[in-house]
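J.: My structure is below; once you've seen it, I'll send some questions.
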Amino acid sequence: MTPEQFRRHGHEVVDWIADYWARIGSLPVRSPVAPGDVRAALPSAPPEDGEPFEAVLADLDRVVVPGLTHWQHPGFLGYFPANTSGPSVLGDLVSAGLGVQGMSWVTSPAATELEQHVLDWFAGLLGLPETFLSTGPGGGVVQDSSSGANLVALLAALHRAGGGETVRSGVRPDEYTVYVSAETHSSMEKAVRIAGLGSDAVRIVEVDGDLAMRPQSLRARLERDVARGYRPVLVCATVGTTSTTAVDPLAELGPICRDAGVWLHVDAAYAGVSAVVPELRGLQAGVEWADSYTTDAHKWLLTGFDATLFWVADRAALTGALAILPEYLRNAATDAGAVVDYRDWQIELGRRFRALKLWFVLRWYGAEGLRAHIRSGVALAQELAGWADADDRFDVVTPHPLSLVCLGPRWPEGVDADVATMTLLERLNDGGEVFLTHTTVRGQVVLRVAIGAPTTTRAHVERAWALLCEGHDWLAADFAESAAE
Ligand code: PLP
């Protein structure tokens, strides 16, 4: 493809994306295809000769779009949001066009320095401690995901706990222990397995009625394990759990971790970015106790996947765990210790120039634009919770400090509540206007309404509420009819 051909087809692709965004609200949110449908629409062999670009674009419409669940749809209220935006896409496009590798400072100095700078900006915007700044002992880096961030946090913690020994002799699987709650994201247990500790190393600390980790239970667990000869390595506290956005109390957990010499990792994958709004920062009071912290700009901060913002308070622990310098990567800047080489902060060697899209997003929206986006999601969720609170068909089952509301539908006596709730969910999702997901709270199936797609307005949330009420009435009438028969 020559630069001129690229220019022409590039414009076509940008037009295609803009048209997709313009019509997305008219598409069914959840893909209606059955397993195998997408592959059945594809030829069995790849093309022997190149095809016209128009044919590729036509297949986007014919094969790909029907097989998509539209995460940017205004009615997408499932899981957590996975925002993207114009400036993010354009930043990614420039990154792809530049095609540079930012594995070491020397391989493209701008890739490293822009990333350091943007992460320092974000640390300030989120009110994170100064130790996380690149000008201090710590620093920030873009990771591919919070799952990846949880893994590298654990590797750094193991390195610190082992006094460097882990790098030479590996982990001590029967000795090291890691502390989570039953609400912690599964990626932390996956990290424990990948690190070679095995799931038995995971200690599940009790939660309180709001599903937040109990500090006293953590303290008791740590003391008991130490008395039995275990070496506690890391506590993972979550700000905004995946299931219900419960918040573990950092200000109380922090001193306990410090007393025990345990690494405190804060997983704020979804909720952390909300701290751009000063009035929401109280949720993570005590964050200054954290040894590491992760939040995903690719969930709720107008930036496309992948853009995990990860900070450590002591970068030496992280690079101590991960740095290896083979001869073919040696260079004067690295040898002089004058630069940061981000390959030593992550699992992979190669790395894309992901800071560009974050920079584009920040410059286009400004801090105020980001705050407005978060505030709007939170305000809509609070309104929805208010409607549900005032309605005897639904219970708001957990605290809802941010943009997720968990609703427990009430059903007549004798009805299997979990089956009824799942039936309501399927009915709503089959309708195509909205898409919700579920979780269990205290053993009961509940509906999660996660607001935060950039296009979702009050009208969409009102419509989702109307559909929930209609669906509930329809099912309740159906149950009453069956009971009467
Ligand atoms: N941690 C928490 C608290 C999450 O909610 C999630 C995803 O929802 C993750 C980690 C995993 O995020 P990622 O997809 O960035 O790995």
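In the structure tokens, the first chain shown is A, the next is B, and so on; residue numbers restart at 1 for each chain, and ligands run from 1 in the order shown.
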For A:Leu428, list every protein, DNA or RNA residue within 9 Å, evaluated using only C-alpha atoms, and leave out those in the same chain fewer than 6 positions away; present the list as a PyMOL selection string.
T.: chain A and resi 434-436+464+467-468+471
J.: Please save N, CA and C atoms of the selected residues as a tab-separated table (two decimals), in the first residue's frame.
T.:
```tsv
chain	number	residue	atom	x	y	z
A	434	VAL	N	-31.00	-2.56	25.53
A	434	VAL	CA	-30.05	-2.41	26.63
A	434	VAL	C	-29.32	-3.74	26.83
A	435	PHE	N	-28.21	-3.67	27.52
A	435	PHE	CA	-27.47	-4.89	27.86
A	435	PHE	C	-26.98	-4.75	29.29
A	436	LEU	N	-27.44	-5.68	30.13
A	436	LEU	CA	-27.05	-5.71	31.55
A	436	LEU	C	-26.38	-7.03	31.85
A	464	ALA	N	-33.88	2.32	30.26
A	464	ALA	CA	-33.48	1.06	30.89
A	464	ALA	C	-34.35	0.79	32.11
A	467	LEU	N	-37.77	-0.34	31.02
A	467	LEU	CA	-37.74	-1.74	30.55
A	467	LEU	C	-37.64	-2.70	31.73
A	468	LEU	N	-36.87	-2.32	32.75
A	468	LEU	CA	-36.76	-3.17	33.94
A	468	LEU	C	-38.13	-3.32	34.60
A	471	GLY	N	-40.55	-5.33	32.36
A	471	GLY	CA	-40.17	-6.75	32.37
A	471	GLY	C	-40.58	-7.39	33.69
```
J.: At most 6 Å is the cut-off: for each residue in chain A with any atom that close to an atom of ligand 1, write down the nearest atom pair and the distance in Å rounded to one decimal, counting only C-alpha atoms and all ligand atoms, chain first then increasing number, as a tab-separated table.
T.:
```
residue	atom	partner	partner_atom_place_in_ligand_line	distance
A:Ser145	CA	ligand 1	15 (O)	3.5
A:Ser146	CA	ligand 1	15 (O)	3.8
A:Ser147	CA	ligand 1	16 (O)	3.7
A:His185	CA	ligand 1	1 (N)	4.9
A:Thr241	CA	ligand 1	3 (C)	4.8
A:Thr242	CA	ligand 1	5 (O)	3.8
A:Asp267	CA	ligand 1	3 (C)	5.6
A:Ala268	CA	ligand 1	3 (C)	5.7
A:Ala269	CA	ligand 1	2 (C)	4.7
A:Tyr270	CA	ligand 1	5 (O)	5.5
```
J.: Using only C-alpha atoms, determine which residues lie at most 12 Å from stretch 4-20 of chain A, disregarding the query and same-chain residues fewer than 2 positions distant; provide the list as a ChimeraX atom specification.
T.: /A:1-2,22-27,52-58,60-61,65,68,70,72-73,84-86,89-90,93-94,97
J.: Pick the closest to A:Ala290 from A:Ala321, A:Ile256, A:Met188, A:Val273: which is it, counting only C-alpha atoms?
T.: A:Ile256
J.: Can you pull out the residues contacting A:Val239? Cut-off 8 Å, using only C-alpha atoms, and skip same-chain residues under 3 positions away; I want them as a PDB file with N, CA, C and O atoms, in the first residue's frame.
T.:
```pdb
ATOM      1  N   THR A 245     -18.632  -2.813  43.304  1.00  0.00           N
ATOM      2  CA  THR A 245     -17.876  -1.587  43.632  1.00  0.00           C
ATOM      3  C   THR A 245     -17.750  -1.354  45.142  1.00  0.00           C
ATOM      4  O   THR A 245     -17.816  -0.212  45.610  1.00  0.00           O
ATOM      5  N   ALA A 246     -17.569  -2.424  45.894  1.00  0.00           N
ATOM      6  CA  ALA A 246     -17.233  -2.264  47.320  1.00  0.00           C
ATOM      7  C   ALA A 246     -15.828  -1.670  47.422  1.00  0.00           C
ATOM      8  O   ALA A 246     -14.996  -1.849  46.523  1.00  0.00           O
ATOM      9  N   VAL A 247     -15.590  -0.977  48.527  1.00  0.00           N
ATOM     10  CA  VAL A 247     -14.308  -0.282  48.691  1.00  0.00           C
ATOM     11  C   VAL A 247     -13.620  -0.775  49.968  1.00  0.00           C
ATOM     12  O   VAL A 247     -14.148  -0.612  51.067  1.00  0.00           O
ATOM     13  N   ASP A 248     -12.468  -1.393  49.811  1.00  0.00           N
ATOM     14  CA  ASP A 248     -11.705  -1.822  50.986  1.00  0.00           C
ATOM     15  C   ASP A 248     -11.080  -0.581  51.635  1.00  0.00           C
ATOM     16  O   ASP A 248     -10.554   0.300  50.929  1.00  0.00           O
ATOM     17  N   VAL A 266      -3.012  -1.810  45.561  1.00  0.00           N
ATOM     18  CA  VAL A 266      -4.389  -1.327  45.427  1.00  0.00           C
ATOM     19  C   VAL A 266      -4.856  -1.567  43.999  1.00  0.00           C
ATOM     20  O   VAL A 266      -4.283  -1.027  43.048  1.00  0.00           O
ATOM     21  N   ASP A 267      -5.879  -2.398  43.882  1.00  0.00           N
ATOM     22  CA  ASP A 267      -6.491  -2.651  42.578  1.00  0.00           C
ATOM     23  C   ASP A 267      -7.725  -1.764  42.470  1.00  0.00           C
ATOM     24  O   ASP A 267      -8.767  -2.041  43.062  1.00  0.00           O
ATOM     25  N   ALA A 268      -7.578  -0.676  41.716  1.00  0.00           N
ATOM     26  CA  ALA A 268      -8.684   0.265  41.518  1.00  0.00           C
ATOM     27  C   ALA A 268      -9.002   0.300  40.028  1.00  0.00           C
ATOM     28  O   ALA A 268      -9.208   1.367  39.434  1.00  0.00           O
ATOM     29  N   ALA A 269      -9.044  -0.900  39.420  1.00  0.00           N
ATOM     30  CA  ALA A 269      -9.123  -1.007  37.963  1.00  0.00           C
ATOM     31  C   ALA A 269     -10.238  -0.135  37.381  1.00  0.00           C
ATOM     32  O   ALA A 269     -10.001   0.673  36.486  1.00  0.00           O
ATOM     33  N   ALA A 271     -12.567   1.843  39.440  1.00  0.00           N
ATOM     34  CA  ALA A 271     -12.957   3.029  40.216  1.00  0.00           C
ATOM     35  C   ALA A 271     -11.873   4.087  40.323  1.00  0.00           C
ATOM     36  O   ALA A 271     -12.175   5.258  40.564  1.00  0.00           O
ATOM     37  N   GLY A 272     -10.617   3.696  40.153  1.00  0.00           N
ATOM     38  CA  GLY A 272      -9.522   4.626  40.430  1.00  0.00           C
ATOM     39  C   GLY A 272      -9.613   5.915  39.632  1.00  0.00           C
ATOM     40  O   GLY A 272      -9.365   7.006  40.164  1.00  0.00           O
ATOM     41  N   LEU A 283     -13.073   8.123  48.641  1.00  0.00           N
ATOM     42  CA  LEU A 283     -13.209   6.668  48.542  1.00  0.00           C
ATOM     43  C   LEU A 283     -11.866   5.970  48.699  1.00  0.00           C
ATOM     44  O   LEU A 283     -11.807   4.839  49.139  1.00  0.00           O
ATOM     45  N   GLN A 284     -10.822   6.626  48.251  1.00  0.00           N
ATOM     46  CA  GLN A 284      -9.508   5.981  48.382  1.00  0.00           C
ATOM     47  C   GLN A 284      -8.606   6.726  49.364  1.00  0.00           C
ATOM     48  O   GLN A 284      -7.386   6.746  49.198  1.00  0.00           O
TER      49      GLN A 284
END
```
J.: Would you please give, as JSON, numbers by chain, all residues of stretch 170-378 of chain A that DSSP assigns to strand (DSSP E) based on the backbone?
T.: {"A": [176, 177, 178, 179, 180, 181, 202, 203, 204, 205, 231, 232, 233, 234, 235, 236, 237, 238, 263, 264, 265, 266, 267, 292, 293, 294, 295, 296, 308, 309, 310, 311, 312]}
J.: So what do you get for atom CA of A:Trp105 versus atom CA of A:Pro129, distance-wise?
T.: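 So the two atoms, atom CA of A:Trp105 and atom CA of A:Pro129, lie 25.1 Å apart.
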